[in-house]
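S.K.: I have a structure here, written as structure tokens, and I will follow up with some questions on it.
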Amino acid sequence: MLDFNRRAQKMETATFGMGCFWGPESQFGQYPGVLHTRTGFAGGTTAEPTYRNMGNHTESIQIAFDPSLLSYEDILRIFWDSHDAVKDRSYKGRQYLSQLIVHSTEQLESAQKVKSEWEKQNGKRIGTEIHYDLPFYPAEDRHQKYFLKRFDKAMDTLLPLFPDHTSFVYSTITARLNGFVRENGRLSDIKEEMEDWQLNEDAEAVLRETLQTIRW
């Protein structure tokens, strides 16, 4: 089985909600430090939430990232610059809240620091809910890499590369392509970045040929 994931000596997790989860997953999938992305639900108490029975959870995304390439503080700055964390998000209850789940005391300290800097710079008060290490529940398959899946021809080429849907979701290349189809990044950037992924020779050859022949 070929592995199409970027290698990292250290991997960390970031979890947050900033509206409908399809867009943020596509946005964050483009960054070279991001290893994989997934959509889901977090911040509530409802057991086993689903898209149709979300309860008091919030649509969220969870990313794995390499802190040597993209720091947690960088992620926070992108997060707060990319959505309105000030206004009241009462639409649809808690579904589209601005929410941040931190996974360590270090992440909490970084969140407090960046939040304070952002508020001082923008003269506004952030209303993001910040919680400590709450569970994340992955969304159903149809909500993972949502925009990429809208390109049937591309999916016909990509899916045979993976043994199952989980491998597809947790792949670095599908995170990048899910961003690319929403104009977050370019194919040329992905091809160039792949030189640093430390793929084995067979995996890199298959991936480069796929990117060369894929049809959208």
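Starting from 1 in every chain, residues are counted up; chains themselves are A, B, ... following the order of the structure tokens, and ligands are numbered from 1 as listed.
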Would you list the contacts of region 10-14 of chain A as an NGL selection string, taking every protein, DNA or RNA residue within 7 Å and counting only C-alpha atoms, but skipping same-chain residues closer than 3 positions in sequence?
M.R.: :A and (62-67)
S.K.: Applying 12 Å and only C-alpha atoms, which residues near Arg142 (chain A) remain after dropping the ones on its own chain fewer than 4 positions away? List them as a VMD selection string.
M.R.: chain A and resid 22 38 to 40 50 to 51 138 146 to 150 165 to 166 169
S.K.: If we count only C-alpha atoms, what is near Gly55 (chain A) at a cut-off of 12 Å, once residues fewer than 4 positions away on the same chain are taken out, given as a ChimeraX atom specification?
M.R.: /A:41-51,59,92-95
S.K.: Would you give me, as an MDAnalysis selection string, the residues in region 34-216 of chain A that DSSP reads as strand (DSSP E or B)?
M.R.: chainID A and resid 34:42 58:65 98:102 129:132 136:138
S.K.: Once you have the residues from the selection above, write them out as an mmCIF file, in the first residue's frame, restricted to N, CA and C atoms.
M.R.:
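After the write, again35.cif holds the following:
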```
data_model
loop_
_atom_site.group_PDB
_atom_site.id
_atom_site.type_symbol
_atom_site.label_atom_id
_atom_site.label_comp_id
_atom_site.auth_asym_id
_atom_site.auth_seq_id
_atom_site.Cartn_x
_atom_site.Cartn_y
_atom_site.Cartn_z
ATOM 1 N N VAL A 34 0.271 21.757 7.029
ATOM 2 C CA VAL A 34 -0.874 20.912 7.381
ATOM 3 C C VAL A 34 -0.685 19.516 6.793
ATOM 4 N N LEU A 35 -0.820 18.496 7.626
ATOM 5 C CA LEU A 35 -0.600 17.116 7.201
ATOM 6 C C LEU A 35 -1.892 16.445 6.762
ATOM 7 N N HIS A 36 -2.974 16.695 7.473
ATOM 8 C CA HIS A 36 -4.278 16.213 7.024
ATOM 9 C C HIS A 36 -5.377 16.999 7.716
ATOM 10 N N THR A 37 -6.586 16.902 7.185
ATOM 11 C CA THR A 37 -7.742 17.634 7.704
ATOM 12 C C THR A 37 -8.946 16.704 7.790
ATOM 13 N N ARG A 38 -9.897 17.059 8.646
ATOM 14 C CA ARG A 38 -11.173 16.341 8.667
ATOM 15 C C ARG A 38 -12.232 17.257 9.281
ATOM 16 N N THR A 39 -13.467 17.048 8.897
ATOM 17 C CA THR A 39 -14.585 17.811 9.434
ATOM 18 C C THR A 39 -15.278 17.008 10.526
ATOM 19 N N GLY A 40 -15.988 17.736 11.407
ATOM 20 C CA GLY A 40 -16.690 17.032 12.472
ATOM 21 C C GLY A 40 -17.441 17.979 13.384
ATOM 22 N N PHE A 41 -17.696 17.516 14.586
ATOM 23 C CA PHE A 41 -18.506 18.249 15.551
ATOM 24 C C PHE A 41 -17.789 18.259 16.896
ATOM 25 N N ALA A 42 -17.865 19.408 17.595
ATOM 26 C CA ALA A 42 -17.173 19.526 18.881
ATOM 27 C C ALA A 42 -17.844 20.601 19.724
ATOM 28 N N THR A 58 -20.922 22.095 17.640
ATOM 29 C CA THR A 58 -20.635 23.089 16.608
ATOM 30 C C THR A 58 -19.880 22.424 15.458
ATOM 31 N N GLU A 59 -20.234 22.795 14.230
ATOM 32 C CA GLU A 59 -19.468 22.314 13.079
ATOM 33 C C GLU A 59 -18.019 22.768 13.238
ATOM 34 N N SER A 60 -17.089 21.833 13.131
ATOM 35 C CA SER A 60 -15.683 22.123 13.400
ATOM 36 C C SER A 60 -14.790 21.390 12.416
ATOM 37 N N ILE A 61 -13.537 21.802 12.363
ATOM 38 C CA ILE A 61 -12.555 21.020 11.639
ATOM 39 C C ILE A 61 -11.408 20.695 12.576
ATOM 40 N N GLN A 62 -10.717 19.612 12.270
ATOM 41 C CA GLN A 62 -9.534 19.235 13.028
ATOM 42 C C GLN A 62 -8.403 18.998 12.044
ATOM 43 N N ILE A 63 -7.269 19.612 12.318
ATOM 44 C CA ILE A 63 -6.122 19.451 11.431
ATOM 45 C C ILE A 63 -4.939 18.900 12.214
ATOM 46 N N ALA A 64 -4.140 18.096 11.538
ATOM 47 C CA ALA A 64 -2.847 17.690 12.061
ATOM 48 C C ALA A 64 -1.814 18.536 11.338
ATOM 49 N N PHE A 65 -0.858 19.083 12.087
ATOM 50 C CA PHE A 65 0.102 19.981 11.467
ATOM 51 C C PHE A 65 1.503 19.763 12.017
ATOM 52 N N SER A 98 -18.261 30.532 16.578
ATOM 53 C CA SER A 98 -16.811 30.658 16.563
ATOM 54 C C SER A 98 -16.294 29.942 17.804
ATOM 55 N N GLN A 99 -15.508 28.901 17.595
ATOM 56 C CA GLN A 99 -15.129 28.040 18.711
ATOM 57 C C GLN A 99 -13.714 27.512 18.534
ATOM 58 N N LEU A 100 -12.995 27.429 19.636
ATOM 59 C CA LEU A 100 -11.631 26.914 19.631
ATOM 60 C C LEU A 100 -11.493 25.877 20.734
ATOM 61 N N ILE A 101 -11.021 24.695 20.365
ATOM 62 C CA ILE A 101 -10.746 23.647 21.337
ATOM 63 C C ILE A 101 -9.233 23.529 21.459
ATOM 64 N N VAL A 102 -8.686 23.845 22.623
ATOM 65 C CA VAL A 102 -7.239 23.718 22.813
ATOM 66 C C VAL A 102 -6.937 22.355 23.424
ATOM 67 N N GLU A 129 -15.741 31.066 21.680
ATOM 68 C CA GLU A 129 -15.741 30.169 22.841
ATOM 69 C C GLU A 129 -14.445 29.358 22.826
ATOM 70 N N ILE A 130 -13.751 29.322 23.942
ATOM 71 C CA ILE A 130 -12.515 28.553 24.047
ATOM 72 C C ILE A 130 -12.707 27.471 25.103
ATOM 73 N N HIS A 131 -12.505 26.215 24.696
ATOM 74 C CA HIS A 131 -12.689 25.071 25.593
ATOM 75 C C HIS A 131 -11.406 24.246 25.636
ATOM 76 N N TYR A 132 -11.254 23.502 26.718
ATOM 77 C CA TYR A 132 -10.041 22.703 26.899
ATOM 78 C C TYR A 132 -10.295 21.231 26.587
ATOM 79 N N PHE A 136 -13.758 15.422 19.822
ATOM 80 C CA PHE A 136 -14.083 15.754 18.437
ATOM 81 C C PHE A 136 -14.699 14.516 17.799
ATOM 82 N N TYR A 137 -15.867 14.701 17.146
ATOM 83 C CA TYR A 137 -16.569 13.589 16.510
ATOM 84 C C TYR A 137 -16.537 13.801 14.998
ATOM 85 N N PRO A 138 -15.868 12.930 14.252
ATOM 86 C CA PRO A 138 -15.804 13.104 12.796
ATOM 87 C C PRO A 138 -17.192 13.099 12.156
#
```
S.K.: Which is closer to Leu207 (chain A) than all the others in A:Asp81, A:Glu183, A:Glu195, A:Asp164, using only C-alpha atoms?
M.R.: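 Closest to Leu207 (chain A) of all the choices is A:Glu195.
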S.K.: Looking at A:Lys113, A:Arg6, A:Lys145, A:His103, which one is nearest to Leu69 (chain A), with distances taken over only C-alpha atoms?
M.R.: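 Nearest to Leu69 (chain A): A:Arg6.
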S.K.: Which residues are near region 24-31 of chain A? Cut-off 6 Å, only C-alpha atoms, ignore same chain within fewer than 5 positions. Put them as an MDAnalysis selection string.
M.R.: chainID A and resid 175:176 178:179 184:185
S.K.: Atoms to include: N, CA, C and O atoms. Write the selected residues as a compact mmCIF listing (two decimals), in the first residue's frame.
M.R.:
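The result, written out as part.txt:
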```
# COMPACT_ATOMS: atom_id res chain seq x y z
N ALA A 175 -6.04 16.69 1.11
CA ALA A 175 -6.20 17.98 1.77
C ALA A 175 -5.81 19.11 0.82
O ALA A 175 -6.51 20.13 0.71
N ARG A 176 -4.67 18.92 0.12
CA ARG A 176 -4.21 19.96 -0.81
C ARG A 176 -5.19 20.13 -1.97
O ARG A 176 -5.51 21.26 -2.37
N ASN A 178 -8.37 19.35 -2.11
CA ASN A 178 -9.63 19.92 -1.65
C ASN A 178 -9.51 21.45 -1.52
O ASN A 178 -10.49 22.17 -1.68
N GLY A 179 -8.32 21.91 -1.22
CA GLY A 179 -8.08 23.35 -1.22
C GLY A 179 -7.97 23.90 -2.63
O GLY A 179 -8.56 24.94 -2.95
N ASN A 184 -7.70 27.63 -3.38
CA ASN A 184 -6.77 27.78 -2.27
C ASN A 184 -5.50 27.01 -2.63
O ASN A 184 -5.38 25.83 -2.35
N GLY A 185 -4.58 27.68 -3.29
CA GLY A 185 -3.37 27.02 -3.74
C GLY A 185 -3.42 26.64 -5.21
O GLY A 185 -4.47 26.68 -5.84
```
S.K.: Go ahead and compute the interatomic distance for CA of Asp202 (chain A) and CA of Leu70 (chain A), in Å to one decimal.
M.R.: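 About the pair CA of Asp202 (chain A) and CA of Leu70 (chain A): they are 27.5 Å apart.
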S.K.: Taking into account only C-alpha atoms, which residue in the set A:Leu76, A:Leu161, A:Leu97, A:Ala205 is nearest to Ser116 (chain A)?
M.R.: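 Selected residue with least distance to Ser116 (chain A): A:Leu76.
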S.K.: Separation of CA of Ser71 (chain A) and CA of Gly33 (chain A), in Å?
M.R.: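 Pair CA of Ser71 (chain A) / CA of Gly33 (chain A) returns 8.3 Å.
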S.K.: Work out how far CA of Asp152 (chain A) is from CA of Ile214 (chain A), in Å to one decimal.
M.R.: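 That distance, rounded to one decimal, is 10.9 Å.
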